[in-house]
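A.B. asks: One structure coming up, written as C-alpha cells, with questions to follow.
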Amino acid sequence: MLERAGIPAVSICTSAFRITAEAMARSLGFPGYQYVTVPHPVASRTQKEIDEIAADALPEIVRVLGAGLTIRPADPSGPANGQRRDA
C-alpha cells in the first residue's frame with residue numbers, strides 16, 4: 001500500500017464491495033482503513049453519470065487524503081502513531 005511508503009492515497013470502491021474492502025484492509029494490516037464508496041454499478045454507466053459520481057465523491061476523496069496521517073498500520077515495523085515515513 002502506498003500509505004506504508006508515506007504516499008497519501010485513496011481507495012475507491014463501489015457499494016457492492018464494501019465488505020471486501022474492509023476485509024482486504026484488515027488482512028493487509030490496516031484495520032479501520034478509510035476508503036471512498038461510490039454507487040454500484042459503474043461499468044454500465046454513461047460517461048456523464050461517471051463524471052457526476054466522481055464530482056459527488058470528490059469532497060470525500062479530499063477528506064480521506066487529508067486524514068492520511070491518522071492511518072495506523074497494524075504492522076509494528078510500519079510508521080508509528082500514524083506518522084508518515086518521510087515526516
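Scheme for the C-alpha cells: letters A, B, ... for chains in order shown; per-chain residue numbers from 1; ligand numbers from 1 in order shown.
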Find the spatial neighbours of A:Ile19, counting only C-alpha atoms, within a cut-off of 12 Å - ignore same-chain residues fewer than 6 positions away - and output them as a list of chain:residue names.
C.D. replies: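 Neighbouring residues, sequence-local ones excluded: A:Cys13, A:Ala25, A:Arg26, A:Tyr35, A:Thr37.
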A.B. asks: What's the separation between atom CA of A:Arg45 and atom CA of A:Ala21, in Å to one decimal place?
C.D. replies: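 So the two atoms, atom CA of A:Arg45 and atom CA of A:Ala21, lie 21.8 Å apart.
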A.B. asks: Using only C-alpha atoms, which protein or nucleic acid residues come within 12 Å of A:Ser11? Drop anything in the same chain fewer than 5 positions from it, and give the result as a PyMOL selection string.
C.D. replies: chain A and resi 1-3+17-18+21-22+24-25+33-38+57+60-62+64-65+68
A.B. asks: Mind giving me the straight-line distance from atom CA of A:Glu52 to atom CA of A:Ser15 in Å, one decimal?
C.D. replies: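 Between atom CA of A:Glu52 and atom CA of A:Ser15 the gap is 16.1 Å.
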